[in-house]
file structure.txt (compact mmCIF, C-alpha atoms)
# COMPACT_ATOMS: atom_id res chain seq x y z
CA MET A 264 0.00 0.00 0.00
CA PHE A 265 2.80 2.41 1.01
CA LEU A 266 4.86 1.57 -2.04
CA GLY A 267 1.75 2.09 -4.16
CA LEU A 268 1.20 5.56 -2.70
CA GLU A 269 4.85 6.31 -3.36
CA ALA A 270 4.73 5.12 -6.95
CA THR A 271 1.66 7.24 -7.73
CA GLY A 272 3.40 10.36 -6.39
CA GLN A 273 0.84 11.14 -3.66
CA ALA A 274 1.50 14.14 -1.42
CA ILE A 275 0.55 12.34 1.83
CA PRO A 276 3.80 10.37 2.23
CA ARG A 277 5.79 13.56 1.64
CA GLN A 278 3.93 15.47 4.34
CA VAL A 279 4.13 12.60 6.84
CA ARG A 280 7.88 12.44 6.23
CA ALA A 281 8.32 16.16 6.71
CA TYR A 282 6.74 16.03 10.17
CA SER A 283 8.59 12.84 11.15
CA ASN A 284 11.83 14.72 10.44
CA ASP A 285 10.74 17.34 12.97
CA VAL A 286 10.30 14.58 15.55
CA VAL A 287 13.80 13.14 15.09
CA SER A 288 15.61 16.47 14.78
CA PRO A 289 16.05 17.10 18.57
CA ILE A 290 17.61 13.63 18.94
CA LEU A 291 19.95 14.30 16.04
CA ARG A 292 20.99 17.64 17.47
CA VAL A 293 21.92 15.99 20.77
CA LEU A 294 23.75 13.08 19.13
CA ASP A 295 25.52 15.49 16.82
CA GLN A 296 27.19 17.48 19.62
CA PRO A 297 29.87 14.96 20.69
CA ILE A 298 30.58 14.06 17.05
CA ARG A 299 31.16 17.68 16.08
CA ALA A 300 33.32 18.20 19.16
CA VAL A 301 35.51 15.23 18.21
CA GLN A 302 35.71 16.36 14.57
CA ALA A 303 36.66 19.89 15.62
CA GLY A 304 39.30 18.53 17.99
CA LEU A 305 40.83 16.33 15.31
CA GLU A 306 40.86 19.19 12.80
CA ARG A 307 42.54 21.42 15.39
CA ILE A 308 45.22 18.84 16.09
CA ALA A 309 45.79 18.28 12.36
CA GLY A 310 45.96 22.03 11.73
CA VAL A 311 48.57 22.96 14.37
CA GLY A 312 51.51 21.75 12.29
CA ASP A 313 50.59 23.84 9.26
CA ILE A 314 49.52 26.95 11.09
CA TYR A 315 52.52 29.16 10.19
CA ALA A 316 52.54 28.26 6.50
CA GLU A 317 48.77 28.68 6.39
CA ASN A 318 49.00 32.07 8.05
CA GLU A 319 51.44 33.26 5.40
CA THR A 320 49.22 32.01 2.58
CA LEU A 321 46.18 33.66 4.12
CA ARG A 322 47.97 37.03 4.38
CA ASP A 323 48.79 36.91 0.65
CA GLU A 324 45.28 35.86 -0.18
CA ASN A 325 43.84 38.62 1.98
CA ASP A 326 45.85 41.26 0.10
CA ARG A 327 44.66 39.91 -3.23
CA LEU A 328 41.05 39.75 -2.04
CA ARG A 329 41.14 43.39 -0.87
CA GLN A 330 42.06 44.45 -4.40
CA TRP A 331 39.31 42.25 -5.84
CA ARG A 332 36.82 43.66 -3.35
CA GLU A 333 37.50 47.21 -4.49
CA ALA A 334 37.08 46.22 -8.13
CA ALA A 335 33.90 44.27 -7.34
CA MET A 336 32.35 47.16 -5.41
CA GLN A 337 33.08 49.54 -8.25
CA LEU A 338 31.48 47.16 -10.75
CA ALA A 339 28.49 46.60 -8.48
CA ARG A 340 27.86 50.34 -8.24
CA GLU A 341 28.14 50.72 -11.99
CA ASN A 342 25.88 47.70 -12.52
CA GLU A 343 23.25 49.12 -10.18
CA ARG A 344 23.25 52.47 -11.99
CA LEU A 345 22.81 50.74 -15.36
CA ARG A 346 20.01 48.56 -13.97
CA LEU A 347 18.13 51.59 -12.77
CA MET A 348 18.57 53.35 -16.09
CA LEU A 349 17.39 50.35 -18.10
CA LYS A 350 14.68 49.30 -15.60
CA VAL A 351 16.09 45.79 -15.35
CA PRO A 352 14.85 43.94 -12.24
CA GLY A 353 17.58 43.04 -9.74
CA ARG A 354 18.87 39.44 -9.80
CA GLU A 355 20.15 39.18 -6.28
CA VAL A 356 18.38 36.40 -4.43
CA PRO A 357 18.01 36.96 -0.69
CA PRO A 358 18.47 33.96 1.61
CA ALA A 359 15.32 32.59 3.23
CA ALA A 360 17.36 30.90 5.94
CA THR A 361 20.82 29.73 6.89
CA ALA A 362 20.73 26.25 8.34
CA ARG A 363 22.95 23.48 9.56
CA VAL A 364 23.01 19.96 8.13
CA ILE A 365 21.76 17.77 10.97
CA GLY A 366 21.16 14.50 9.20
CA VAL A 367 21.80 12.47 6.09
CA GLY A 368 19.17 10.27 4.48
CA GLY A 369 18.79 7.86 1.67
CA GLY A 370 21.55 5.42 2.51
CA ALA A 371 22.66 3.75 -0.69
CA PHE A 372 19.47 4.63 -2.52
CA GLU A 373 19.11 8.37 -2.50
CA ARG A 374 21.17 11.48 -1.87
CA ASN A 375 19.58 13.93 0.51
CA VAL A 376 20.30 15.78 3.72
CA LEU A 377 18.22 17.08 6.58
CA ILE A 378 18.69 20.75 7.52
CA SER A 379 17.66 22.67 10.60
CA ALA A 380 15.23 25.12 9.00
CA GLY A 381 11.56 24.70 8.11
CA THR A 382 8.39 26.64 7.53
CA SER A 383 8.97 28.60 10.76
CA ASP A 384 12.10 30.03 9.10
CA GLY A 385 10.36 30.87 5.85
CA VAL A 386 11.48 27.77 3.93
CA ARG A 387 9.13 26.37 1.30
CA ARG A 388 9.27 23.43 -1.10
CA ASN A 389 11.48 23.69 -4.18
CA LEU A 390 13.75 26.45 -2.95
CA PRO A 391 17.39 26.34 -4.09
CA VAL A 392 20.01 25.48 -1.46
CA VAL A 393 23.64 26.58 -1.80
CA ASP A 394 26.84 26.45 0.19
CA GLU A 395 29.76 28.85 -0.13
CA THR A 396 30.95 27.25 -3.37
CA GLY A 397 27.82 26.45 -5.35
CA VAL A 398 24.44 24.79 -5.66
CA ILE A 399 23.93 21.72 -3.51
CA GLY A 400 20.26 20.98 -4.17
CA ARG A 401 16.67 22.01 -3.50
CA THR A 402 14.18 21.52 -0.69
CA ILE A 403 11.76 18.65 -1.26
CA GLN A 404 10.05 18.19 2.12
CA VAL A 405 9.49 21.01 4.54
CA GLY A 406 8.43 20.45 8.12
CA ARG A 407 7.98 23.02 10.85
CA TRP A 408 11.63 23.07 11.99
CA THR A 409 13.44 20.88 9.48
CA SER A 410 13.60 20.40 5.72
CA ARG A 411 14.98 17.73 3.46
CA VAL A 412 17.24 18.79 0.62
CA LEU A 413 17.53 16.69 -2.52
CA LEU A 414 21.19 16.90 -3.51
CA VAL A 415 22.33 17.59 -7.06
CA THR A 416 23.93 14.13 -7.12
CA ASP A 417 20.63 12.29 -6.53
CA LEU A 418 19.31 10.22 -9.41
CA ASN A 419 16.10 12.27 -9.43
CA SER A 420 17.91 15.60 -9.68
CA ARG A 421 17.84 17.46 -13.02
CA ILE A 422 19.10 21.02 -13.19
CA PRO A 423 18.79 23.23 -16.28
CA VAL A 424 22.29 24.61 -16.81
CA ARG A 425 24.44 26.46 -19.30
CA LEU A 426 28.08 26.24 -20.19
CA GLU A 427 29.71 29.41 -18.81
CA ARG A 428 32.20 29.70 -21.69
CA THR A 429 29.75 29.33 -24.59
CA GLY A 430 26.31 29.88 -23.05
CA ASP A 431 24.93 26.62 -24.50
CA LEU A 432 22.06 25.10 -22.56
CA ALA A 433 21.97 21.55 -21.16
CA ILE A 434 20.77 19.50 -18.19
CA ALA A 435 22.97 18.41 -15.26
CA GLU A 436 21.74 15.02 -14.16
CA GLY A 437 22.46 13.29 -10.83
CA GLN A 438 23.67 9.69 -10.90
CA ASN A 439 23.60 8.64 -7.23
CA GLU A 440 27.37 8.85 -7.45
CA ALA A 441 29.84 11.59 -6.54
CA PHE A 442 29.63 13.04 -10.08
CA LEU A 443 26.92 14.39 -12.42
CA MET A 444 26.35 13.89 -16.13
CA LEU A 445 25.74 16.64 -18.66
CA ARG A 446 22.87 15.76 -21.02
CA PHE A 447 21.12 17.34 -23.99
CA LEU A 448 24.04 19.56 -24.94
CA PRO A 449 24.07 20.31 -28.72
CA GLU A 450 26.55 17.95 -30.42
CA GLU A 451 28.53 20.70 -32.14
CA VAL A 452 29.51 22.33 -28.85
CA VAL A 453 33.13 21.74 -27.90
CA VAL A 454 33.45 21.11 -24.17
CA LYS A 455 36.78 21.30 -22.38
CA GLU A 456 37.78 19.84 -19.05
CA GLY A 457 37.60 22.54 -16.40
CA ASP A 458 34.68 24.40 -18.04
CA ARG A 459 32.29 25.75 -15.43
CA ILE A 460 28.59 24.93 -15.49
CA LEU A 461 26.09 27.49 -14.18
CA THR A 462 22.35 27.38 -13.64
CA SER A 463 20.47 28.68 -16.67
CA GLY A 464 17.46 29.97 -14.74
CA HIS A 465 15.01 27.80 -16.70
CA GLY A 466 12.62 25.57 -14.82
CA SER A 467 11.70 28.18 -12.20
CA VAL A 468 13.55 26.51 -9.32
CA PHE A 469 17.12 27.80 -9.55
CA PRO A 470 18.03 31.43 -10.26
CA PRO A 471 20.41 31.97 -13.18
CA ASP A 472 24.20 32.04 -12.87
CA LEU A 473 24.73 29.98 -9.74
CA PRO A 474 27.80 27.74 -10.05
CA VAL A 475 26.83 24.06 -10.20
CA ALA A 476 29.76 21.98 -11.40
CA ARG A 477 32.97 21.79 -13.37
CA VAL A 478 33.59 19.49 -16.35
CA SER A 479 35.86 16.74 -15.07
CA GLU A 480 35.90 14.29 -17.97
CA VAL A 481 34.85 14.43 -21.61
CA GLY A 482 34.45 10.96 -23.06
CA GLU A 483 32.88 9.26 -26.06
CA GLY A 484 29.21 10.18 -25.77
CA TYR A 485 29.32 11.43 -22.20
CA ILE A 486 30.42 14.49 -20.23
CA ARG A 487 31.10 13.98 -16.55
CA LEU A 488 30.81 16.84 -14.05
CA GLU A 489 32.29 17.36 -10.63
CA PRO A 490 29.89 19.28 -8.33
CA LEU A 491 31.27 22.57 -7.03
CA GLY A 492 29.28 22.36 -3.78
CA ILE A 493 31.33 20.56 -1.13
CA LEU A 494 28.84 17.71 -0.77
CA GLY A 495 31.17 15.53 1.25
CA LYS A 496 31.61 18.07 4.06
CA LEU A 497 28.36 19.93 4.30
CA ASP A 498 27.88 21.96 7.43
CA TYR A 499 26.10 25.29 7.04
CA VAL A 500 23.97 25.89 3.96
CA ARG A 501 21.80 28.74 2.70
CA VAL A 502 18.25 28.34 1.43
CA LEU A 503 17.56 31.02 -1.18
CA ASP A 504 14.19 32.76 -1.26
CA TYR A 505 13.87 32.59 -5.03
CA HIS A 506 10.75 33.48 -6.98
CA ALA A 507 11.01 32.86 -10.70
CA VAL A 508 8.79 35.86 -11.36
CA PRO A 509 9.93 38.80 -9.20
CA ASP A 510 7.46 40.78 -7.10
CA GLU A 511 6.37 43.97 -8.76
CA ASP A 512 7.76 45.97 -5.83
CA ALA A 513 11.15 44.38 -6.32
CA ILE A 514 11.50 45.70 -9.85
CA ALA A 515 13.67 48.75 -9.72
CA ILE A 516 11.85 51.61 -11.31
CA PRO A 517 13.40 55.03 -10.94
CA ASP A 518 11.26 57.46 -8.95
CA VAL A 519 9.48 59.95 -11.14
CA PRO A 520 9.42 63.35 -9.46
CA GLU A 521 5.82 64.38 -8.68
CA THR A 522 6.53 67.88 -9.87
CA THR A 523 7.09 66.58 -13.42
CA GLU A 524 3.66 64.91 -13.52
CA GLU A 525 2.00 67.94 -12.01
CA ALA A 526 3.75 70.17 -14.54
CA ALA A 527 2.52 67.94 -17.39
CA GLU A 528 -1.05 68.08 -16.04
CA ASP A 529 -0.80 71.88 -15.74
CA GLY A 530 0.40 72.07 -19.33
CA GLN A 531 -2.65 70.18 -20.70
CA MET B 176 10.66 -28.75 40.32
CA SER B 177 12.04 -25.33 39.63
CA PRO B 178 9.68 -22.74 38.15
CA ARG B 179 9.96 -22.40 34.40
CA ARG B 180 11.78 -19.28 33.24
CA PRO B 181 9.46 -17.03 31.23
CA ALA B 182 10.25 -16.99 27.54
CA ILE B 183 9.85 -13.27 27.38
CA THR B 184 10.77 -10.48 29.74
CA SER B 185 7.38 -9.09 29.01
CA PHE B 186 7.10 -5.72 30.71
CA GLY B 187 9.32 -2.90 31.72
CA PHE B 188 12.48 -1.49 30.27
CA ALA B 189 14.21 -4.85 29.81
CA GLY B 190 11.44 -6.18 27.57
CA LEU B 191 11.51 -3.07 25.44
CA PHE B 192 15.28 -2.80 25.35
CA PRO B 193 15.87 -4.50 21.94
CA VAL B 194 13.29 -2.27 20.23
CA LEU B 195 14.57 0.89 21.94
CA ILE B 196 18.21 0.20 21.13
CA THR B 197 17.24 -0.53 17.50
CA LEU B 198 15.34 2.76 17.37
CA PHE B 199 18.43 4.51 18.70
CA MET B 200 20.44 2.89 15.92
CA ALA B 201 17.94 4.19 13.37
CA ALA B 202 18.68 7.72 14.64
CA LEU B 203 22.43 7.01 14.51
CA MET B 204 22.07 6.07 10.83
CA LEU B 205 20.95 9.63 10.09
CA LEU B 206 23.98 11.36 11.53
CA PRO B 207 26.17 13.17 9.01
CA LEU B 208 29.27 11.05 9.52
CA GLY B 209 32.02 10.05 7.14
CA THR B 210 31.36 11.25 3.64
CA GLY B 211 28.42 13.34 4.77
CA ALA B 212 26.23 13.62 1.75
CA ALA B 213 26.69 10.14 0.42
CA ASN B 214 25.98 8.18 3.53
CA ILE B 215 26.74 4.83 1.95
CA ALA B 216 29.63 4.40 4.39
CA MET B 217 27.10 4.11 7.22
CA PRO B 218 26.20 0.45 7.84
CA HIS B 219 22.56 -0.57 8.08
CA LEU B 220 22.63 -0.64 11.88
CA VAL B 221 18.91 -1.39 12.17
CA LEU B 222 19.22 -4.52 10.03
CA ILE B 223 22.17 -5.69 12.11
CA SER B 224 20.33 -5.04 15.36
CA VAL B 225 17.11 -6.71 14.23
CA PHE B 226 19.00 -9.80 13.02
CA TYR B 227 20.99 -9.96 16.25
CA TRP B 228 17.96 -9.74 18.54
CA LEU B 229 15.96 -12.19 16.43
CA SER B 230 18.83 -14.67 16.59
CA SER B 231 19.23 -14.33 20.36
CA ARG B 232 15.84 -13.24 21.81
CA ALA B 233 13.33 -13.52 18.96
CA LEU B 234 10.29 -12.94 21.17
CA LEU B 235 11.50 -9.47 22.06
CA MET B 236 11.43 -8.43 18.42
CA PRO B 237 7.91 -9.31 17.20
CA TYR B 238 6.53 -8.74 13.69
CA GLY B 239 4.83 -5.52 14.81
CA ALA B 240 8.07 -4.10 16.13
CA CYS B 241 9.91 -5.00 12.91
CA ALA B 242 7.18 -3.33 10.84
CA ALA B 243 7.16 -0.20 13.02
CA LEU B 244 10.95 0.12 12.98
CA GLY B 245 11.01 -0.33 9.22
CA PHE B 246 8.30 2.27 8.77
CA ILE B 247 10.11 4.83 10.95
CA LEU B 248 13.35 4.19 9.12
CA ASP B 249 11.63 4.70 5.76
CA LEU B 250 10.31 8.03 6.96
CA TRP B 251 13.62 9.21 8.33
CA LEU B 252 15.81 7.99 5.48
CA ASP B 253 13.37 9.20 2.83
CA VAL B 254 13.35 5.96 0.90
CA PRO B 255 10.06 4.61 -0.53
CA MET B 256 7.67 3.90 2.33
CA GLY B 257 7.49 0.19 3.02
CA LEU B 258 10.98 -0.65 1.73
CA ASN B 259 12.71 -1.16 5.07
CA MET B 260 9.51 -2.53 6.53
CA VAL B 261 9.55 -5.32 3.95
CA LEU B 262 13.26 -5.97 4.54
CA LEU B 263 12.88 -6.25 8.32
CA LEU B 264 9.78 -8.43 8.11
CA LEU B 265 11.59 -10.75 5.70
CA THR B 266 14.54 -10.84 8.11
CA ARG B 267 12.20 -12.03 10.87
CA LEU B 268 10.61 -14.61 8.60
CA PHE B 269 14.04 -15.89 7.57
CA VAL B 270 15.42 -16.09 11.10
CA LEU B 271 12.35 -17.83 12.53
CA ASN B 272 12.56 -20.46 9.79
CA GLN B 273 16.31 -20.97 9.85
CA LEU B 274 17.25 -20.34 13.49
CA LYS B 275 17.04 -24.06 14.30
CA HIS B 276 19.95 -24.66 11.91
CA TYR B 277 22.37 -22.16 13.44
CA LYS B 278 21.23 -21.58 17.01
CA GLY B 279 24.13 -22.07 19.42
CA ARG B 280 26.72 -22.05 16.65
CA SER B 281 29.77 -19.74 16.73
CA ARG B 282 29.72 -16.00 16.01
CA ILE B 283 31.48 -16.61 12.70
CA VAL B 284 28.54 -18.73 11.52
CA HIS B 285 26.09 -16.01 12.55
CA TRP B 286 28.21 -13.47 10.69
CA ALA B 287 28.29 -15.60 7.55
CA ILE B 288 24.53 -16.13 7.64
CA PHE B 289 23.95 -12.41 8.13
CA THR B 290 26.24 -11.65 5.17
CA VAL B 291 24.29 -13.96 2.86
CA LEU B 292 20.91 -12.77 4.13
CA SER B 293 21.84 -9.08 3.77
CA LEU B 294 23.07 -9.70 0.22
CA GLY B 295 19.66 -11.13 -0.68
CA LEU B 296 17.87 -8.25 1.05
CA TYR B 297 19.96 -5.60 -0.69
CA LEU B 298 19.31 -7.23 -4.05
CA LEU B 299 15.60 -7.22 -3.28
CA ALA B 300 15.81 -3.55 -2.25
CA TRP B 301 17.58 -2.74 -5.51
CA LEU B 302 14.80 -4.52 -7.43
CA ILE B 303 12.05 -2.67 -5.52
CA MET B 304 13.73 0.71 -6.07
CA SER B 305 14.13 0.00 -9.77
CA ILE B 306 10.45 -0.95 -10.07
CA VAL B 307 9.18 2.03 -8.04
CA TYR B 308 11.22 4.55 -10.04
CA GLY B 309 10.94 2.72 -13.36
CA THR B 310 14.67 2.78 -14.02
CA LEU B 311 17.60 0.49 -13.29
CA TRP B 312 19.13 1.81 -10.08
CA PRO B 313 22.97 2.04 -9.94
CA ILE B 314 24.24 -1.13 -8.29
CA GLN B 315 27.60 0.15 -7.06
CA PRO B 316 26.45 2.28 -4.07
CA ILE B 317 24.21 -0.58 -2.95
CA ALA B 318 27.08 -3.06 -3.21
CA VAL B 319 29.29 -0.71 -1.17
CA GLN B 320 26.70 -0.35 1.57
CA TRP B 321 26.11 -4.09 1.66
CA GLY B 322 29.86 -4.61 2.10
CA VAL B 323 30.06 -2.03 4.90
CA THR B 324 26.99 -3.52 6.61
CA ALA B 325 28.27 -7.10 6.37
CA PHE B 326 31.70 -6.06 7.66
CA SER B 327 30.17 -4.11 10.56
CA TYR B 328 28.05 -6.99 11.82
CA ALA B 329 30.76 -8.48 14.04
CA PRO B 330 31.67 -5.34 16.05
CA VAL B 331 28.06 -4.13 16.34
CA ALA B 332 26.84 -7.58 17.41
CA PHE B 333 29.65 -7.73 19.96
CA VAL B 334 28.50 -4.42 21.50
CA LEU B 335 24.86 -5.58 21.47
CA GLY B 336 25.92 -8.82 23.15
CA ARG B 337 27.60 -6.89 25.98
CA MET B 338 24.48 -4.76 26.40
CA ARG B 339 22.28 -7.87 26.45
CA ARG B 340 24.32 -9.34 29.28
CA VAL B 341 23.93 -6.19 31.32
CA VAL B 342 20.24 -5.47 30.67
CA LEU B 343 18.51 -8.82 30.01
call {"tool": "encode", "arguments": {"input": "structure.txt", "output": "structure tokens"}}
result
Amino acid sequence: MFLGLEATGQAIPRQVRAYSNDVVSPILRVLDQPIRAVQAGLERIAGVGDIYAENETLRDENDRLRQWREAAMQLARENERLRLMLKVPGREVPPAATARVIGVGGGAFERNVLISAGTSDGVRRNLPVVDETGVIGRTIQVGRWTSRVLLVTDLNSRIPVRLERTGDLAIAEGQNEAFLMLRFLPEEVVVKEGDRILTSGHGSVFPPDLPVARVSEVGEGYIRLEPLGILGKLDYVRVLDYHAVPDEDAIAIPDVPETTEEAAEDGQ
Amino acid sequence: MSPRRPAITSFGFAGLFPVLITLFMAALMLLPLGTGAANIAMPHLVLISVFYWLSSRALLMPYGACAALGFILDLWLDVPMGLNMVLLLLTRLFVLNQLKHYKGRSRIVHWAIFTVLSLGLYLLAWLIMSIVYGTLWPIQPIAVQWGVTAFSYAPVAFVLGRMRRVVL
């Protein structure tokens, strides 16, 4: 009976699951504490030896990033001015919630994680989830305090993407493995190892231009992708509050001075 | 004539211990350990626990408990509802039919029987998943998890054995 409900895609099993995740989440949080403490301790011990070399590298990186930050801020200001002039709606997607990965599901069959944010935090179904490096998946079940995220590597995951270098559209398909496959790319497109794959914005779930993966292998009839999201070490993730069609209020329209309208009315 | 020892420690914590410890193991299976996202390195602790308790104190792990544990695990792991329920009920059916052949034998024999049984159950799970989703499911992650589960039986069963001595 349960398998039948599952096969017909009924919503009841999904909702029951979402609330059962809420029930187990306090237990997971408690069990998680000693594990995180041990992991942090081990990382600290492993990091002591490299601390001086790492410090030096970080100083260099910090200097470089300061220069990049200045350039980025200048470009952002310029971009904003042009957007206002051309009345182009903004593409920044605000986060709905930042959450911690508290559980992993699926075992050998599926690829999903449980995060510590639900409807009480503004999370809804089918919102994109990212970490600091790229897309990791989308929410599929949302309970009151927890949500389940279907990872990009799951067999049921299909993300509309484009090749950053050429702009050609394709689909990134999960394989239940550590890698993804790129499908439906036009045959004439030349793909190189290392090419970045970004979301295309089609399909209404993921906003455009989020990094998804990098081409890791181009073979005879297949293109293999390595996800950019650090799926093996997920800790904190962000759920993006993305609406495919922006709210009217969010569209940046330059303010028209009232005096101009009044002057036009006076002139009539 | 000495009074006959009851076959089941029917009430109280001791009687519920096998089910409670198996439930705890279900929660442990959800923890983001090892590879994190791809939790195939996590052994199927519930299957190990259910097999262990059925082989040692079968009456403390009735059909209802196996079904309930399987159902909870399906909900928590987000696999098709009924999958783990079927696997645990089949485990009970298997043990009750075959226990007479290996009861009292060494731990190695129990381990070998668990390995063979879990292989059959994982193959069945693969078949069910392929039918439910209408596509051939990748076999490699399932084979890896079967290997990890089979390998983990001995240490987990050892720990459960120690607990059994203390509690039951």
call {"tool": "axis_aligned_box", "arguments": {"input": "structure.txt", "around": "region 334-351 of chain A", "padding_each_side": "5 Å", "output": "AutoDock Vina command-line options"}}
result
--center_x 25.9 --center_y 48.8 --center_z -11.8 --size_x 32.4 --size_y 19.1 --size_z 22.7
call {"tool": "atom_distance", "arguments": {"input": "structure.txt", "atom1": "CA of Ala359 (chain A)", "atom2": "CA of Leu206 (chain B)"}}
result
24.4 Å
call {"tool": "residues_around", "arguments": {"input": "structure.txt", "residues": "His276 (chain B)", "least_positions_apart": "6", "cutoff": "12 Å", "atoms": "all atoms listed in the file", "output": "PyMOL selection string"}}
result
chain B and resi 230+269-270+284-285+288
call {"tool": "interface_residues", "arguments": {"input": "structure.txt", "of": "chain A", "to": "chain B", "cutoff": "10 Å", "atoms": "only C-alpha atoms", "output": "PyMOL selection string"}}
result
chain A and resi 264-271+276-277+279-288+290-292+294-295+298-299+302+364-377+399+404+411+414+416-419+438-441+493-498
call {"tool": "atom_distance", "arguments": {"input": "structure.txt", "atom1": "CA of Leu268 (chain B)", "atom2": "CA of Tyr238 (chain B)"}}
result
8.8 Å
call {"tool": "closest_residue", "arguments": {"input": "structure.txt", "among": "B:Leu294, B:Leu244, B:Ile196, B:Lys278", "to": "Thr324 (chain B)", "atoms": "all atoms listed in the file"}}
result
B:Leu294
call {"tool": "closest_residue", "arguments": {"input": "structure.txt", "among": "A:Leu413, A:Ile403, A:Ile460, A:Ala380", "to": "Thr429 (chain A)", "atoms": "all atoms listed in the file"}}
result
A:Ile460
call {"tool": "atom_distance", "arguments": {"input": "structure.txt", "atom1": "CA of Arg425 (chain A)", "atom2": "CA of Val452 (chain A)"}}
result
11.6 Å
